[in-house]
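Here's the structure we're looking at; comments come further down.
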Amino acid sequence: MSHRGMEGSAVLAKNAAEPAVPLQHTRGSSMQTRLTKRNRHIHAENVIGRAIAMLCAAMLIILVLSISYFIASKGLATFFVNGVSLKEFLTGTTWDPEGEPAAFGVFPFILGSFLVTVLAAVIAAPLGIGAAIFMTEISPAFGKKILKPVIELLVGIPSVVYGYVGLTLLVPFIREQFEVLGFSVLAGGLVLALMILPTITSVAADAIEAVPQDLRNASLALGATRWQTIWHVVLHSALPGCLTAVVLGMARAFGEALAVQMVIGNTTKLPESILDPISTLTSGITLNMGNTIAGTPYNNALWSMALILLLMSFAFILILRILGRRKWASR
Amino acid sequence: MRIKAKIMDRTATFLLTAIAVLIIGVLFALLGFLLTQGWHKLNFDFLTSPPSIAEAGGGIGPQLFNSFYLLVLTMLIALPIGLGAGIYMAEYAPDNRFTRFIRLSIEVLSSLPSIVIGLFGLLVFVTMTGWGYSILSGALALTVFNLPLLVRITEDALRNVPPSQKEASLALGISKWRTITSVLLPAALPGIITGTILASGRVFGEAAALLFTAGMTSPDLVFHDFSLNSPTSPLNPMRPAETLAVHIWKVNSEGLTPDARDVADGAAAILVIAVLAFNLGARWFGTWLYRKITSGTQR
């Protein structure tokens, strides 16, 4: 920019030395030359700027493709190199990767992941949607001023801290109440519920806020109470958004590693009740990835578990997309 | 019938209020618990001395430093890319297949479990590059983890700039790129900075993506050695670095010191204080900057 300016003033100075040319005209022509001269430079700058921005955006695609490729190539080795059958892997209930013969049944891990996720969603969904209704329908002022910052702080608390609180408060509490080990599906579900509560609340609140005010007015004008309006009109129309909120929460719960690992006990036995300890896909990977040697069947099996996590997160996105389309269709 | 409906209404209002109060109560109980548990550990000695392996009395000095250093490195790598991609998505992206694919990629990246990102980091940034567990590998993994959020923050902030400002600039004959860099970005700055500080809080507390990239050990740091390649230099990006969040996890799962619980209490309190600071800082700074730039009084 600066050297352009200097060029321009040089032109002006040169013209000023020739008083025969009217000043007004000089200004105009120099402006003209400046504008036309700059064009090429500006064009180059525009093109380069756009290219850099595009490159950054393309980086996101490259990242997703390479993550999928690398996780898949390692994860598929279990089946193609080590010859474990897919059916045995997914439905086998014995996990003994170092035994003779080794058994690679990851069903207990898969079951564990689903159990804690569903339990967390069952606990957090009513609370989260309830809180969302409170902050949009019952008391927006209080909701905006106090509840929203509180929710944002809950999002900010690191997952290890949730795990640590679960470990020091929840696990001993369950141990004393039910006279069991304490490390359990229940502890995992409760910790996860607390972690996904803010996600559900904020997404559901957005969905409820987006319901047109006319619908509420019409319902209230018909003599419906506030609760009848919320239940029959607002929630009905915000249902896809609320489901989106719950699925987003479940996706987060399914992939959470450390907080869950700290409170669920990590056994590969199938649980008989929600008070029994269990393992999840994430906890299995976290605990064993560091102790196994790359390339061994044991290590490959862990990568296959990571592949399941990856595929599950694709599945969650697919569900979210379908829900999103629903929302548009009903409008 | 009407009385029943009224009773239902009252009950529902009561229950919903109870839920809101419960959530607020849980947050304060959580913060209160963590801070009261860890309060007695918050002294200069604990914050600066290295951890001990087998006896009581270790601190969290190196871990605290590692957390901040990793955060700075991550942001140095992630911010330019995030800004660039955000600019593209807000200002250039035409409605075509490429753009839709980028949107899908952002969605996928932001919903990937952080442990999966950690494993990707282990494979690519640790093993394939041959760097081993290092701060740089950790920073790259955290970049992957943080990038979708930064892109979204930048895009939203740019889209929130009133279109009249952009039109005015274009009408003055200023090129599109110049309009973006000298009109739109400054106007979007408060939003971008607030979002970045919040994202920093997330990076600061992240552990799962770091277990297998930055590692679970930290060498004895010599805090007056600032060469970039000495193995005990705090600034060496190729050394392994256990962060505060990873330390809490490690102490709880394999802690050998008799005061492991105490150390975890203190570390958790520090982590929560840091996150609170990031949160309140983002709020305060965003409002302040907004006022400074626009002379408006509220967001």
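Following the order of the structure tokens, chains are lettered A, B, ..., residues in each are numbered from 1, and ligands are numbered from 1.
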Rows by chain and residue number, chain B within 6 Å of chain A, shortest pair, only C-alpha atoms, as a Markdown table:
```
| residue | atom | partner | partner_atom | distance |
| --- | --- | --- | --- | --- |
| B:Asp9 | CA | A:Trp227 | CA | 4.9 |
| B:Leu16 | CA | A:Gly130 | CA | 5.6 |
| B:Ala20 | CA | A:Ala131 | CA | 5.3 |
| B:Ile81 | CA | A:Cys56 | CA | 5.3 |
| B:Gly84 | CA | A:Ala53 | CA | 4.4 |
| B:Ala85 | CA | A:Ala57 | CA | 4.2 |
| B:Tyr88 | CA | A:Ala53 | CA | 5.0 |
| B:Ile102 | CA | A:Ile61 | CA | 5.9 |
| B:Ser105 | CA | A:Ile61 | CA | 5.6 |
| B:Pro113 | CA | A:Gly255 | CA | 4.4 |
| B:Trp177 | CA | A:Asn46 | CA | 5.2 |
| B:Gly205 | CA | A:Pro158 | CA | 4.7 |
```
Selected residue, from B:Thr213, B:Ser169, B:Ser110, B:Asn96, that lies nearest to Thr127 (chain B) when counting only C-alpha atoms:
B:Thr213
Would you list, as a ChimeraX atom specification, the residues of region 62-193 of chain A that end up in alpha helix (DSSP H) under DSSP run on this structure's backbone?
/A:62-75,77-80,86-91,107-133,140-142,148-156,159-165,171-178,185-193
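Residue nearest Ala125 (chain A), chosen from A:Ala204, A:Ala301, A:Ile264, A:Ala218 and counting only C-alpha atoms: A:Ala204.
Of the residues under consideration (B:Phe120, B:Phe204, B:Tyr290, B:Tyr92), B:Phe204 shows the shortest atom-to-atom contact distance to Ile273 (chain B) when counting only C-alpha atoms.
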Could I get the residues of region 55-115 of chain B with an atom no further than 10 Å from an atom of region 184-189 of chain B, each paired with its nearest atom pair and that distance in Å to one decimal, using only C-alpha atoms, sorted by chain and residue number, as CSV?
```
residue,atom,partner,partner_atom,distance
B:Leu83,CA,B:Leu185,CA,9.5
B:Ile87,CA,B:Leu185,CA,8.9
B:Glu91,CA,B:Leu184,CA,9.9
```
Show me a table, sorted first by chain and then by increasing residue number, of the residues of region 178-238 of chain B having an atom at most 12 Å from region 64-78 of chain B, each with its shortest atom pair and the distance in Å to one decimal, counting only C-alpha atoms and written as a Markdown table.
```
| residue | atom | partner | partner_atom | distance |
| --- | --- | --- | --- | --- |
| B:Ile193 | CA | B:Met75 | CA | 11.8 |
| B:Thr196 | CA | B:Met75 | CA | 8.7 |
| B:Ile197 | CA | B:Met75 | CA | 10.1 |
| B:Ala199 | CA | B:Met75 | CA | 9.5 |
| B:Ser200 | CA | B:Leu71 | CA | 6.9 |
| B:Gly201 | CA | B:Leu71 | CA | 9.1 |
| B:Arg202 | CA | B:Leu71 | CA | 9.8 |
| B:Val203 | CA | B:Leu71 | CA | 6.5 |
| B:Phe204 | CA | B:Ser67 | CA | 6.2 |
| B:Gly205 | CA | B:Ser67 | CA | 8.5 |
| B:Glu206 | CA | B:Ser67 | CA | 9.6 |
| B:Ala207 | CA | B:Ser67 | CA | 10.2 |
| B:Leu210 | CA | B:Leu70 | CA | 10.2 |
| B:Thr213 | CA | B:Leu70 | CA | 11.6 |
| B:Ala214 | CA | B:Leu70 | CA | 9.0 |
| B:Gly215 | CA | B:Asn66 | CA | 11.3 |
| B:Met216 | CA | B:Asn66 | CA | 11.4 |
| B:Thr217 | CA | B:Asn66 | CA | 10.8 |
| B:Ser218 | CA | B:Asn66 | CA | 8.6 |
| B:Pro219 | CA | B:Asn66 | CA | 10.8 |
| B:Asp220 | CA | B:Asn66 | CA | 11.9 |
| B:Leu221 | CA | B:Phe65 | CA | 9.8 |
| B:Val222 | CA | B:Phe65 | CA | 11.8 |
| B:Phe223 | CA | B:Phe65 | CA | 10.0 |
| B:Ser233 | CA | B:Asn66 | CA | 11.4 |
| B:Pro234 | CA | B:Asn66 | CA | 7.9 |
| B:Leu235 | CA | B:Tyr69 | CA | 7.8 |
| B:Asn236 | CA | B:Tyr69 | CA | 10.1 |
| B:Pro237 | CA | B:Leu73 | CA | 8.8 |
| B:Met238 | CA | B:Leu70 | CA | 11.6 |
```
Using N, CA and C atoms, can you export the residues from the last selection as a PDB file, in the first residue's frame?
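So the final result, stored in part-v7.pdb, reads:
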```pdb
ATOM      1  N   ILE B 193     -11.899 -13.159  19.087  1.00  0.00           N
ATOM      2  CA  ILE B 193     -11.059 -13.279  20.287  1.00  0.00           C
ATOM      3  C   ILE B 193     -11.808 -13.972  21.415  1.00  0.00           C
ATOM      4  N   THR B 196     -11.913 -17.568  20.632  1.00  0.00           N
ATOM      5  CA  THR B 196     -10.603 -18.203  20.738  1.00  0.00           C
ATOM      6  C   THR B 196     -10.225 -18.446  22.194  1.00  0.00           C
ATOM      7  N   ILE B 197     -10.563 -17.495  23.059  1.00  0.00           N
ATOM      8  CA  ILE B 197     -10.244 -17.694  24.477  1.00  0.00           C
ATOM      9  C   ILE B 197     -11.026 -18.886  25.026  1.00  0.00           C
ATOM     10  N   ALA B 199     -12.100 -21.405  23.280  1.00  0.00           N
ATOM     11  CA  ALA B 199     -11.486 -22.593  22.696  1.00  0.00           C
ATOM     12  C   ALA B 199     -10.196 -22.942  23.435  1.00  0.00           C
ATOM     13  N   SER B 200      -9.470 -21.905  23.874  1.00  0.00           N
ATOM     14  CA  SER B 200      -8.236 -22.154  24.621  1.00  0.00           C
ATOM     15  C   SER B 200      -8.531 -22.924  25.908  1.00  0.00           C
ATOM     16  N   GLY B 201      -9.643 -22.565  26.547  1.00  0.00           N
ATOM     17  CA  GLY B 201     -10.029 -23.275  27.756  1.00  0.00           C
ATOM     18  C   GLY B 201     -10.220 -24.756  27.481  1.00  0.00           C
ATOM     19  N   ARG B 202     -10.815 -25.051  26.340  1.00  0.00           N
ATOM     20  CA  ARG B 202     -11.047 -26.439  25.947  1.00  0.00           C
ATOM     21  C   ARG B 202      -9.724 -27.154  25.705  1.00  0.00           C
ATOM     22  N   VAL B 203      -8.811 -26.478  25.012  1.00  0.00           N
ATOM     23  CA  VAL B 203      -7.504 -27.074  24.738  1.00  0.00           C
ATOM     24  C   VAL B 203      -6.755 -27.312  26.041  1.00  0.00           C
ATOM     25  N   PHE B 204      -6.858 -26.349  26.961  1.00  0.00           N
ATOM     26  CA  PHE B 204      -6.131 -26.426  28.217  1.00  0.00           C
ATOM     27  C   PHE B 204      -6.543 -27.660  29.020  1.00  0.00           C
ATOM     28  N   GLY B 205      -7.806 -28.033  28.956  1.00  0.00           N
ATOM     29  CA  GLY B 205      -8.287 -29.155  29.754  1.00  0.00           C
ATOM     30  C   GLY B 205      -8.272 -30.478  29.027  1.00  0.00           C
ATOM     31  N   GLU B 206      -7.902 -30.493  27.756  1.00  0.00           N
ATOM     32  CA  GLU B 206      -7.972 -31.724  26.978  1.00  0.00           C
ATOM     33  C   GLU B 206      -6.875 -32.701  27.399  1.00  0.00           C
ATOM     34  N   ALA B 207      -7.247 -33.968  27.522  1.00  0.00           N
ATOM     35  CA  ALA B 207      -6.244 -34.952  27.921  1.00  0.00           C
ATOM     36  C   ALA B 207      -6.203 -36.147  26.981  1.00  0.00           C
ATOM     37  N   LEU B 210      -3.986 -36.198  24.090  1.00  0.00           N
ATOM     38  CA  LEU B 210      -2.565 -35.974  24.373  1.00  0.00           C
ATOM     39  C   LEU B 210      -1.854 -37.200  24.929  1.00  0.00           C
ATOM     40  N   THR B 213       0.234 -38.612  22.246  1.00  0.00           N
ATOM     41  CA  THR B 213       0.943 -37.719  21.331  1.00  0.00           C
ATOM     42  C   THR B 213       1.999 -36.889  22.079  1.00  0.00           C
ATOM     43  N   ALA B 214       1.570 -36.188  23.141  1.00  0.00           N
ATOM     44  CA  ALA B 214       2.552 -35.433  23.923  1.00  0.00           C
ATOM     45  C   ALA B 214       3.144 -36.324  25.016  1.00  0.00           C
ATOM     46  N   GLY B 215       2.528 -37.468  25.237  1.00  0.00           N
ATOM     47  CA  GLY B 215       3.086 -38.422  26.178  1.00  0.00           C
ATOM     48  C   GLY B 215       2.637 -38.212  27.611  1.00  0.00           C
ATOM     49  N   MET B 216       3.043 -39.171  28.465  1.00  0.00           N
ATOM     50  CA  MET B 216       2.600 -39.113  29.859  1.00  0.00           C
ATOM     51  C   MET B 216       3.764 -38.877  30.802  1.00  0.00           C
ATOM     52  N   THR B 217       4.899 -38.402  30.257  1.00  0.00           N
ATOM     53  CA  THR B 217       6.039 -38.105  31.116  1.00  0.00           C
ATOM     54  C   THR B 217       6.542 -36.715  30.794  1.00  0.00           C
ATOM     55  N   SER B 218       7.310 -36.170  31.724  1.00  0.00           N
ATOM     56  CA  SER B 218       7.924 -34.880  31.466  1.00  0.00           C
ATOM     57  C   SER B 218       9.342 -34.949  32.006  1.00  0.00           C
ATOM     58  N   PRO B 219      10.334 -34.553  31.198  1.00  0.00           N
ATOM     59  CA  PRO B 219      11.702 -34.587  31.716  1.00  0.00           C
ATOM     60  C   PRO B 219      11.881 -33.535  32.798  1.00  0.00           C
ATOM     61  N   ASP B 220      12.965 -33.661  33.592  1.00  0.00           N
ATOM     62  CA  ASP B 220      13.234 -32.629  34.596  1.00  0.00           C
ATOM     63  C   ASP B 220      13.626 -31.358  33.867  1.00  0.00           C
ATOM     64  N   LEU B 221      12.756 -30.373  33.931  1.00  0.00           N
ATOM     65  CA  LEU B 221      13.009 -29.154  33.180  1.00  0.00           C
ATOM     66  C   LEU B 221      13.991 -28.267  33.932  1.00  0.00           C
ATOM     67  N   VAL B 222      14.911 -27.665  33.173  1.00  0.00           N
ATOM     68  CA  VAL B 222      15.818 -26.686  33.750  1.00  0.00           C
ATOM     69  C   VAL B 222      15.337 -25.326  33.276  1.00  0.00           C
ATOM     70  N   PHE B 223      14.778 -24.527  34.195  1.00  0.00           N
ATOM     71  CA  PHE B 223      14.030 -23.355  33.759  1.00  0.00           C
ATOM     72  C   PHE B 223      14.888 -22.153  33.389  1.00  0.00           C
ATOM     73  N   SER B 233      15.384 -28.474  28.156  1.00  0.00           N
ATOM     74  CA  SER B 233      14.915 -27.105  27.991  1.00  0.00           C
ATOM     75  C   SER B 233      13.391 -27.071  27.970  1.00  0.00           C
ATOM     76  N   PRO B 234      12.816 -26.136  28.724  1.00  0.00           N
ATOM     77  CA  PRO B 234      11.342 -26.078  28.715  1.00  0.00           C
ATOM     78  C   PRO B 234      10.782 -25.750  27.332  1.00  0.00           C
ATOM     79  N   LEU B 235      11.555 -25.051  26.495  1.00  0.00           N
ATOM     80  CA  LEU B 235      11.020 -24.603  25.216  1.00  0.00           C
ATOM     81  C   LEU B 235      11.212 -25.607  24.087  1.00  0.00           C
ATOM     82  N   ASN B 236      12.006 -26.654  24.328  1.00  0.00           N
ATOM     83  CA  ASN B 236      12.262 -27.636  23.273  1.00  0.00           C
ATOM     84  C   ASN B 236      10.962 -28.293  22.826  1.00  0.00           C
ATOM     85  N   PRO B 237      10.534 -28.088  21.584  1.00  0.00           N
ATOM     86  CA  PRO B 237       9.241 -28.657  21.161  1.00  0.00           C
ATOM     87  C   PRO B 237       9.303 -30.148  20.863  1.00  0.00           C
ATOM     88  N   MET B 238      10.504 -30.747  20.906  1.00  0.00           N
ATOM     89  CA  MET B 238      10.595 -32.164  20.566  1.00  0.00           C
ATOM     90  C   MET B 238      10.659 -33.058  21.800  1.00  0.00           C
TER      91      MET B 238
END
```
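A straight line drawn from CA of Ile123 (chain A) to CA of Pro140 (chain A) is 24.0 Å long.
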State, in Å with one decimal place, the distance from CA of Thr136 (chain A) to CA of Leu27 (chain B).
20.1 Å
Would you list the contacts of Gly188 (chain A) as a list in words, taking every protein, DNA or RNA residue within 9 Å and counting only C-alpha atoms, but skipping same-chain residues closer than 2 positions in sequence?
Val116, Thr117, Leu119, Ala120, Gly163, Gly166, Phe183, Ser184, Val185, Leu186, Leu190, Val191, Leu192, Ala193, Ala259, Val260, Gln261, Met262, Val263 and Ile264 of chain A
Give me the residues within 9 Å of Gly138 (chain B) as a ChimeraX atom specification, counting only C-alpha atoms and dropping any in the same chain fewer than 3 places off.
/B:70,74,118,121,125-126,133-135,141-143,209-215,240-241
For the residues in the current selection, export C-alpha atoms as an mmCIF file, in the first residue's frame.
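Written out: result.cif:
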```cif
data_model
loop_
_atom_site.group_PDB
_atom_site.id
_atom_site.type_symbol
_atom_site.label_atom_id
_atom_site.label_comp_id
_atom_site.auth_asym_id
_atom_site.auth_seq_id
_atom_site.Cartn_x
_atom_site.Cartn_y
_atom_site.Cartn_z
ATOM 1 C CA LEU B 70 1.246 -26.559 24.438
ATOM 2 C CA THR B 74 -1.406 -25.146 19.301
ATOM 3 C CA GLY B 118 -5.121 -38.850 19.643
ATOM 4 C CA GLY B 121 -1.774 -38.221 16.054
ATOM 5 C CA PHE B 125 2.699 -37.150 14.117
ATOM 6 C CA VAL B 126 4.480 -39.557 16.478
ATOM 7 C CA TYR B 133 6.104 -38.358 22.033
ATOM 8 C CA SER B 134 6.686 -34.627 21.728
ATOM 9 C CA ILE B 135 5.096 -31.264 22.359
ATOM 10 C CA ALA B 141 -3.145 -33.320 17.446
ATOM 11 C CA LEU B 142 -4.741 -30.491 19.416
ATOM 12 C CA THR B 143 -4.831 -28.441 16.211
ATOM 13 C CA ALA B 209 -5.883 -36.538 22.582
ATOM 14 C CA LEU B 210 -2.565 -35.974 24.373
ATOM 15 C CA LEU B 211 -2.026 -39.341 26.096
ATOM 16 C CA PHE B 212 -0.392 -40.851 23.024
ATOM 17 C CA THR B 213 0.943 -37.719 21.331
ATOM 18 C CA ALA B 214 2.552 -35.433 23.923
ATOM 19 C CA GLY B 215 3.086 -38.422 26.178
ATOM 20 C CA PRO B 240 7.667 -35.271 25.722
ATOM 21 C CA ALA B 241 5.354 -33.182 27.853
#
```
Which one is closest to Asp96 (chain A): A:Arg325, A:Leu281, A:Ser237, A:Tyr298? Count only C-alpha atoms.
A:Tyr298
